[in-house]
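Okay, work.cif now, which holds mmCIF, C-alpha atoms:
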data_start
loop_
_atom_site.label_atom_id
_atom_site.label_comp_id
_atom_site.auth_asym_id
_atom_site.auth_seq_id
_atom_site.Cartn_x
_atom_site.Cartn_y
_atom_site.Cartn_z
CA MET J 1 -24.08 -41.66 17.16
CA SER J 2 -23.58 -39.54 14.06
CA LYS J 3 -20.09 -38.34 13.19
CA THR J 4 -19.20 -34.66 13.02
CA THR J 5 -18.03 -33.08 9.76
CA LYS J 6 -14.51 -32.90 11.15
CA GLN J 7 -14.49 -36.61 11.93
CA LEU J 8 -15.93 -37.43 8.51
CA MET J 9 -13.21 -35.39 6.81
CA LYS J 10 -10.55 -37.06 8.94
CA ASP J 11 -11.89 -40.49 8.02
CA LYS J 12 -12.04 -39.54 4.36
CA ILE J 13 -8.42 -38.38 4.38
CA GLU J 14 -7.21 -41.36 6.38
CA HIS J 15 -9.04 -43.92 4.27
CA SER J 16 -8.52 -42.31 0.87
CA PRO J 17 -6.61 -44.87 -1.22
CA ILE J 18 -4.64 -42.18 -3.03
CA LEU J 19 -3.65 -40.27 0.10
CA GLU J 20 -2.80 -43.59 1.78
CA LYS J 21 -0.37 -44.40 -1.01
CA VAL J 22 1.07 -40.90 -1.11
CA ASP J 23 1.47 -40.78 2.69
CA HIS J 24 2.12 -37.05 3.12
CA SER J 25 4.85 -37.07 0.51
CA ASP J 26 4.62 -34.95 -2.63
CA GLY J 27 7.39 -36.75 -4.50
CA MET J 28 9.38 -33.56 -5.05
CA THR J 29 13.13 -33.64 -4.56
CA VAL J 30 15.95 -31.10 -4.56
CA PRO J 31 19.46 -31.27 -6.03
CA PRO J 32 21.92 -33.10 -3.70
CA GLY J 33 23.25 -30.89 -0.90
CA TYR J 34 20.86 -28.09 -1.82
CA PHE J 35 19.90 -26.98 1.71
CA ALA J 36 23.49 -26.96 3.03
CA ASP J 37 24.56 -25.00 -0.03
CA PHE J 38 21.60 -22.64 0.30
CA ALA J 39 22.48 -21.75 3.91
CA LYS J 40 26.06 -20.91 2.86
CA ARG J 41 24.89 -18.85 -0.12
CA MET J 42 22.39 -16.96 1.98
CA GLU J 43 24.92 -16.24 4.70
CA ALA J 44 27.22 -14.70 2.11
CA GLN J 45 24.41 -12.60 0.66
CA ILE J 46 23.10 -11.07 3.86
CA PRO J 47 24.30 -7.48 4.00
CA GLU J 48 25.63 -5.90 7.19
CA ARG J 49 22.94 -4.16 9.17
CA VAL J 50 23.12 -0.39 9.04
CA GLU J 51 22.79 1.07 12.50
CA LEU J 52 20.20 3.81 12.41
CA ALA J 53 21.33 7.14 13.83
CA PRO J 54 19.42 8.18 16.97
CA PRO J 55 16.54 10.52 16.13
CA GLN J 56 17.55 14.20 16.31
CA VAL J 57 15.91 16.32 18.99
CA ARG J 58 14.17 19.28 17.34
CA THR J 59 14.72 22.69 18.88
CA PHE J 60 11.83 25.02 19.77
CA TRP J 61 12.59 27.25 16.76
CA GLN J 62 12.59 24.21 14.40
CA LYS J 63 9.16 23.26 15.72
CA VAL J 64 7.56 26.71 15.40
CA ARG J 65 9.38 27.78 12.22
CA PRO J 66 6.68 26.66 9.75
CA TYR J 67 4.00 28.49 11.75
CA ALA J 68 6.16 31.61 11.99
CA TYR J 69 6.71 31.56 8.23
CA MET J 70 2.99 31.19 7.61
CA ALA J 71 2.17 34.09 9.95
CA ALA J 72 4.79 36.25 8.20
CA MET J 73 3.23 35.41 4.85
CA PHE J 74 -0.24 36.52 5.97
CA ALA J 75 1.20 39.69 7.51
CA GLY J 76 2.93 40.43 4.21
CA ILE J 77 -0.30 40.02 2.27
CA TRP J 78 -2.12 42.34 4.72
CA CYS J 79 0.62 44.99 4.37
CA MET J 80 0.51 44.73 0.59
CA MET J 81 -3.25 45.29 0.52
CA ASN J 82 -2.89 48.37 2.77
CA MET J 83 -0.15 49.71 0.51
CA PHE J 84 -2.47 49.50 -2.52
CA ASN J 85 -5.07 51.51 -0.59
CA LEU J 86 -2.47 54.22 0.13
CA PHE J 87 -1.59 54.56 -3.57
CA ARG J 88 -5.23 54.71 -4.73
CA PRO J 89 -6.19 58.31 -5.85
CA ALA J 90 -8.28 60.15 -3.28
CA SER J 91 -11.85 61.20 -4.26
CA THR J 92 -12.22 64.80 -5.61
CA ILE J 93 -15.38 65.34 -3.66
CA PRO J 94 -15.00 65.41 0.08
CA SER J 95 -17.03 62.63 1.47
CA THR J 96 -18.56 64.86 4.19
CA LEU J 97 -20.01 67.16 1.51
CA LEU J 98 -21.58 64.21 -0.30
CA ALA J 99 -23.02 62.89 2.90
CA GLU J 100 -24.60 66.24 3.68
CA ALA J 101 -26.01 66.54 0.16
CA PHE J 102 -27.61 63.11 0.14
CA SER J 103 -29.10 63.60 3.58
CA ASP J 104 -31.00 66.64 2.25
CA ASP J 105 -34.44 65.54 0.89
CA ASN J 106 -34.63 68.47 -1.54
CA PHE J 107 -31.19 67.86 -3.01
CA MET J 108 -32.46 66.09 -6.15
CA SER J 109 -35.14 68.69 -7.00
CA ASP J 110 -32.98 71.71 -6.08
CA TYR J 111 -29.72 70.77 -7.71
CA TYR J 112 -30.25 67.97 -10.13
CA LEU J 113 -33.75 68.37 -11.66
CA ASP J 114 -33.34 72.09 -12.33
CA ASN J 115 -34.58 74.20 -15.28
CA SER J 116 -31.36 74.03 -17.21
CA TYR J 117 -32.93 71.72 -19.76
CA ASP J 118 -35.70 74.29 -20.66
CA SER J 119 -33.33 77.22 -21.01
CA GLU J 120 -30.91 75.24 -23.12
CA PHE J 121 -33.79 74.13 -25.35
CA LEU J 122 -35.01 77.72 -25.84
CA ASP J 123 -31.47 78.90 -26.62
CA HIS J 124 -31.20 76.17 -29.21
CA LEU J 125 -34.51 77.25 -30.82
CA TYR J 126 -33.35 80.88 -31.04
CA GLU J 127 -30.07 79.82 -32.59
CA SER J 128 -31.97 77.74 -35.15
CA GLY J 129 -34.09 80.73 -36.19
CA TYR J 130 -37.29 80.00 -34.36
CA SER J 131 -38.85 82.26 -31.81
CA PRO J 132 -41.14 80.98 -29.07
CA SER J 133 -43.90 83.39 -30.19
CA GLU J 134 -43.89 81.89 -33.70
CA ILE J 135 -44.21 78.41 -32.32
CA CYS J 136 -47.07 79.45 -30.05
CA GLU J 137 -48.91 80.98 -33.03
CA VAL J 138 -48.72 77.73 -34.99
CA TYR J 139 -50.32 75.75 -32.15
CA MET X 1 9.19 -31.45 20.92
CA ALA X 2 6.75 -28.68 19.94
CA GLU X 3 7.46 -26.87 23.22
CA GLU X 4 11.20 -27.12 22.57
CA ARG X 5 10.68 -25.62 19.15
CA ILE X 6 8.65 -22.73 20.58
CA LEU X 7 11.30 -22.06 23.23
CA GLU X 8 14.04 -22.15 20.64
CA ASP X 9 12.06 -19.70 18.47
CA GLU X 10 11.62 -17.35 21.43
CA ARG X 11 15.33 -17.51 22.17
CA LEU X 12 16.11 -16.77 18.54
CA THR X 13 13.65 -13.86 18.50
CA GLU X 14 15.40 -12.30 21.50
CA ARG X 15 18.78 -12.69 19.82
CA LEU X 16 17.44 -11.19 16.57
CA LYS X 17 16.49 -8.03 18.48
CA ASP X 18 20.03 -7.59 19.74
CA PRO X 19 22.12 -5.90 16.99
CA ALA X 20 25.29 -7.61 18.22
CA GLN X 21 23.78 -11.08 17.85
CA SER X 22 21.23 -10.59 15.08
CA ARG X 23 23.43 -11.79 12.24
CA ALA X 24 24.42 -15.04 13.94
CA ALA X 25 20.82 -15.58 15.04
CA PHE X 26 19.58 -15.03 11.50
CA THR X 27 22.01 -17.64 10.19
CA GLU X 28 20.37 -20.06 12.61
CA VAL X 29 16.94 -18.96 11.39
CA ILE X 30 18.00 -19.79 7.83
CA SER X 31 19.14 -23.29 8.72
CA ARG X 32 16.00 -23.88 10.79
CA TYR X 33 13.44 -22.56 8.36
CA SER X 34 14.90 -23.00 4.88
CA ARG X 35 13.44 -26.50 4.51
CA PRO X 36 9.80 -25.88 5.55
CA LEU X 37 9.71 -22.56 3.71
CA TYR X 38 11.27 -24.07 0.60
CA TRP X 39 8.67 -26.85 0.45
CA GLN X 40 5.86 -24.40 1.06
CA ILE X 41 7.06 -22.20 -1.81
CA ARG X 42 7.89 -25.15 -4.08
CA ARG X 43 4.37 -26.59 -3.65
CA MET X 44 2.98 -23.24 -4.73
CA VAL X 45 5.21 -22.53 -7.75
CA GLN X 46 6.02 -26.19 -8.67
CA ASN X 47 9.49 -25.35 -9.95
CA HIS X 48 12.80 -25.72 -8.13
CA ASP X 49 14.57 -22.67 -9.64
CA ASP X 50 11.66 -20.34 -8.92
CA ALA X 51 11.34 -21.78 -5.42
CA ASP X 52 15.06 -21.17 -4.84
CA ASP X 53 14.78 -17.52 -5.95
CA LEU X 54 11.68 -16.95 -3.86
CA LEU X 55 13.26 -18.53 -0.80
CA GLN X 56 16.22 -16.17 -1.12
CA ASN X 57 13.83 -13.22 -1.50
CA THR X 58 11.93 -14.37 1.57
CA PHE X 59 15.04 -14.39 3.75
CA MET X 60 16.31 -11.13 2.31
CA LYS X 61 12.97 -9.47 3.08
CA ALA X 62 12.94 -10.93 6.56
CA TRP X 63 16.46 -9.64 7.16
CA SER X 64 15.74 -6.13 5.88
CA ASN X 65 12.47 -5.93 7.87
CA LEU X 66 13.88 -7.34 11.06
CA ASP X 67 13.18 -4.07 12.89
CA ALA X 68 9.48 -4.41 12.00
CA PHE X 69 9.35 -7.86 13.61
CA ARG X 70 8.69 -7.19 17.28
CA GLY X 71 8.04 -10.76 18.25
CA ASP X 72 4.27 -10.31 18.64
CA ALA X 73 3.73 -13.16 16.18
CA LYS X 74 5.70 -16.38 16.19
CA LEU X 75 8.91 -16.30 14.20
CA GLY X 76 7.71 -19.19 12.02
CA THR X 77 4.34 -17.53 11.35
CA TRP X 78 6.07 -14.31 10.30
CA LEU X 79 8.42 -16.15 7.93
CA TYR X 80 5.59 -18.26 6.46
CA LYS X 81 3.63 -15.07 5.81
CA ILE X 82 6.53 -13.51 3.92
CA ALA X 83 7.09 -16.72 1.91
CA ILE X 84 3.40 -17.00 1.01
CA ASN X 85 3.19 -13.35 -0.02
CA GLU X 86 6.30 -13.77 -2.15
CA SER X 87 4.82 -16.87 -3.81
CA LEU X 88 1.44 -15.26 -4.49
CA THR X 89 3.06 -12.12 -5.90
CA PHE X 90 5.28 -14.27 -8.12
CA LEU X 91 2.31 -16.29 -9.43
CA GLU X 92 0.37 -13.09 -10.10
CA LYS X 93 3.31 -11.62 -12.05
CA GLU X 94 3.68 -14.84 -14.03
CA ARG X 95 -0.03 -14.81 -14.88
CA LYS X 96 0.32 -11.27 -16.19
CA ARG X 97 3.56 -12.01 -18.03
CA LEU X 98 2.16 -15.07 -19.78
CA ASN X 99 -1.22 -13.36 -20.26
CA ILE X 100 -3.13 -16.18 -18.58
CA SER X 101 -6.73 -15.75 -17.47
CA ILE X 102 -7.65 -16.52 -13.86
CA ASP X 103 -9.71 -19.54 -15.03
CA ASP X 104 -6.67 -21.07 -16.71
CA GLU X 105 -4.12 -20.41 -13.95
CA ALA X 106 -3.48 -24.13 -13.33
CA ARG X 107 -2.11 -24.67 -16.85
CA PRO X 108 1.45 -23.32 -16.31
CA LEU X 109 1.63 -25.12 -12.96
CA ILE X 110 0.62 -28.46 -14.52
CA GLU X 111 3.18 -27.88 -17.29
CA ALA X 112 5.83 -27.18 -14.63
CA ILE X 113 4.91 -30.39 -12.77
CA GLU X 114 5.18 -32.43 -15.97
CA ALA X 115 8.56 -30.90 -16.82
CA ASP X 116 9.91 -31.05 -13.24
CA PRO X 117 13.23 -32.95 -13.18
CA PHE X 118 13.37 -33.04 -9.38
CA THR X 119 10.83 -35.76 -8.51
CA ASP X 120 10.97 -39.32 -7.24
CA GLY X 121 9.10 -40.47 -10.35
CA ASP X 122 5.99 -41.69 -8.52
CA GLU X 123 3.07 -41.34 -10.92
CA ILE X 124 0.35 -41.14 -8.24
CA LYS X 125 2.17 -38.36 -6.40
CA ARG X 126 2.53 -36.47 -9.68
CA LYS X 127 -1.19 -36.90 -10.40
CA LEU X 128 -2.04 -35.66 -6.91
CA ARG X 129 0.21 -32.61 -7.39
CA GLU X 130 -1.58 -31.85 -10.66
CA ALA X 131 -4.97 -32.20 -8.98
CA ILE X 132 -3.92 -29.87 -6.15
CA ALA X 133 -2.61 -27.38 -8.72
CA THR X 134 -6.14 -27.00 -10.10
CA LEU X 135 -7.39 -25.71 -6.73
CA PRO X 136 -7.72 -21.96 -6.14
CA GLU X 137 -4.59 -20.45 -4.56
CA LYS X 138 -5.91 -20.12 -1.01
CA GLN X 139 -7.37 -23.62 -0.97
CA ARG X 140 -4.10 -24.97 -2.33
CA LEU X 141 -2.21 -23.19 0.44
CA VAL X 142 -4.50 -24.55 3.13
CA PHE X 143 -4.32 -28.08 1.73
CA ASN X 144 -0.52 -27.97 1.52
CA MET X 145 -0.11 -26.64 5.04
CA ARG X 146 -2.61 -29.07 6.51
CA TYR X 147 -1.74 -32.23 4.60
CA TYR X 148 1.96 -31.97 3.80
CA ASP X 149 3.24 -29.69 6.59
CA GLU X 150 0.68 -31.05 9.07
CA LEU X 151 0.12 -27.62 10.60
CA LYS X 152 -2.75 -27.02 13.00
CA TYR X 153 -5.78 -25.13 11.68
CA GLU X 154 -5.11 -22.45 14.28
CA ASP X 155 -1.58 -21.93 12.95
CA ILE X 156 -2.82 -21.93 9.34
CA SER X 157 -5.31 -19.19 10.16
CA LYS X 158 -2.51 -17.08 11.65
CA VAL X 159 -0.39 -17.45 8.53
CA LEU X 160 -3.19 -16.57 6.08
#
How does the structure come out when it is put into structure tokens?
Amino acid sequence: MSKTTKQLMKDKIEHSPILEKVDHSDGMTVPPGYFADFAKRMEAQIPERVELAPPQVRTFWQKVRPYAYMAAMFAGIWCMMNMFNLFRPASTIPSTLLAEAFSDDNFMSDYYLDNSYDSEFLDHLYESGYSPSEICEVY
Amino acid sequence: MAEERILEDERLTERLKDPAQSRAAFTEVISRYSRPLYWQIRRMVQNHDDADDLLQNTFMKAWSNLDAFRGDAKLGTWLYKIAINESLTFLEKERKRLNISIDDEARPLIEAIEADPFTDGDEIKRKLREAIATLPEKQRLVFNMRYYDELKYEDISKVL
């Protein structure tokens, strides 16, 4: 019957000539009376235990305070933005008038694309010494 | 014997939880565990003075973290864990301090073994210590716990 790895290892350890001689001893020593002295030293070094105070019970206000502060901050920002809107200069043109004008399809042709350009041009020609009849003769 | 030890540990754990008795119980813990923990640490760092410092740190940490120990693990397992962590952290710091590569980490340990004044002078034991020192840290820990401390594999796995 074949031996298991565990048994083989056990045999190897038990029949190793070195380990047999060593016999679970590492040969290390300590100064005489070391362990008795160590226990005394350690006992002297151990500080007194500090008793922890029982945990404080938080009141309802202490629990909700951070949320209340955050809500107040957002409310403040909202108020500030509204205040800026109040101080902004109002438009010179009433918005209802503009709305009426833009809803009219003929607004652009009637009011914006008028003949002012032609009349201004003719005035300029007269002022410069030309007359429309002279120009027409040339062409 | 093992059952007695377990019962004693359980009794000590209960006393450690009680603030009125914790100090006296911890003094008992020190006298019970200073030897096994010392040897565990000493086999890792190979130097008595370092082992002494690390053993003190282990107990100080255990004392200051007593509230974190709820008794889910065995008292011995918890203390072994602290001691091993302390040893590994110390070795890591030493490696950095001495600027030693991970491949050459056995060198300072072998030097410490050769210069160790606290030995019985047995040459074979010294050679075996040097051979164990060349093992990677985790393997060294397992070997030490299994061979020297004769811990069960189950207990070793809980500590690591």
* Interatomic distance (Å, one decimal) between atom CA of Ile100 of chain X and atom CA of Val45 of chain X -> 15.1 Å
* Expand the PyMOL selection byres ((chain J) within 8 of (chain X)) into the individual residues it matches in the shown file, reporting them as a ChimeraX atom specification. => /J:18,21-22,24-31,35,39,42-43,46
* For this file, the PyMOL selection byres ((chain X and resi 74) around 9) selects which residues, as a PyMOL selection string? -> chain X and resi 6+9-10+13+71-73+75-79
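Take atom CA of Val159 of chain X and atom CA of Val142 of chain X: the distance between them is 9.8 Å.
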Enclose all atoms of segment 61-64 of chain X listed in the file in an axis-aligned box, grow every side by 5 Å, and hand back centre and edge lengths in Å to one decimal, as AutoDock Vina command-line options.
--center_x 14.7 --center_y -8.5 --center_z 5.1 --size_x 13.5 --size_y 14.8 --size_z 14.1
* To do: Quote the spacing between atom CA of Thr96 of chain J and atom CA of Phe84 of chain J in Å to one decimal place.
  =>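 Computing it gives 23.2 Å between the two atoms.
Nearest to Met44 of chain X of all the residues X:Ala115, X:Ala68, X:Ala62, X:Ala133 is X:Ala133, counting all atoms listed in the file.
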* Applied to the shown file, which residues does the PyMOL selection byres ((chain X and resi 141) around 10) return, written as a VMD selection string? -> chain X and resid 40 to 41 43 to 44 84 132 135 to 140 142 to 147 156 160
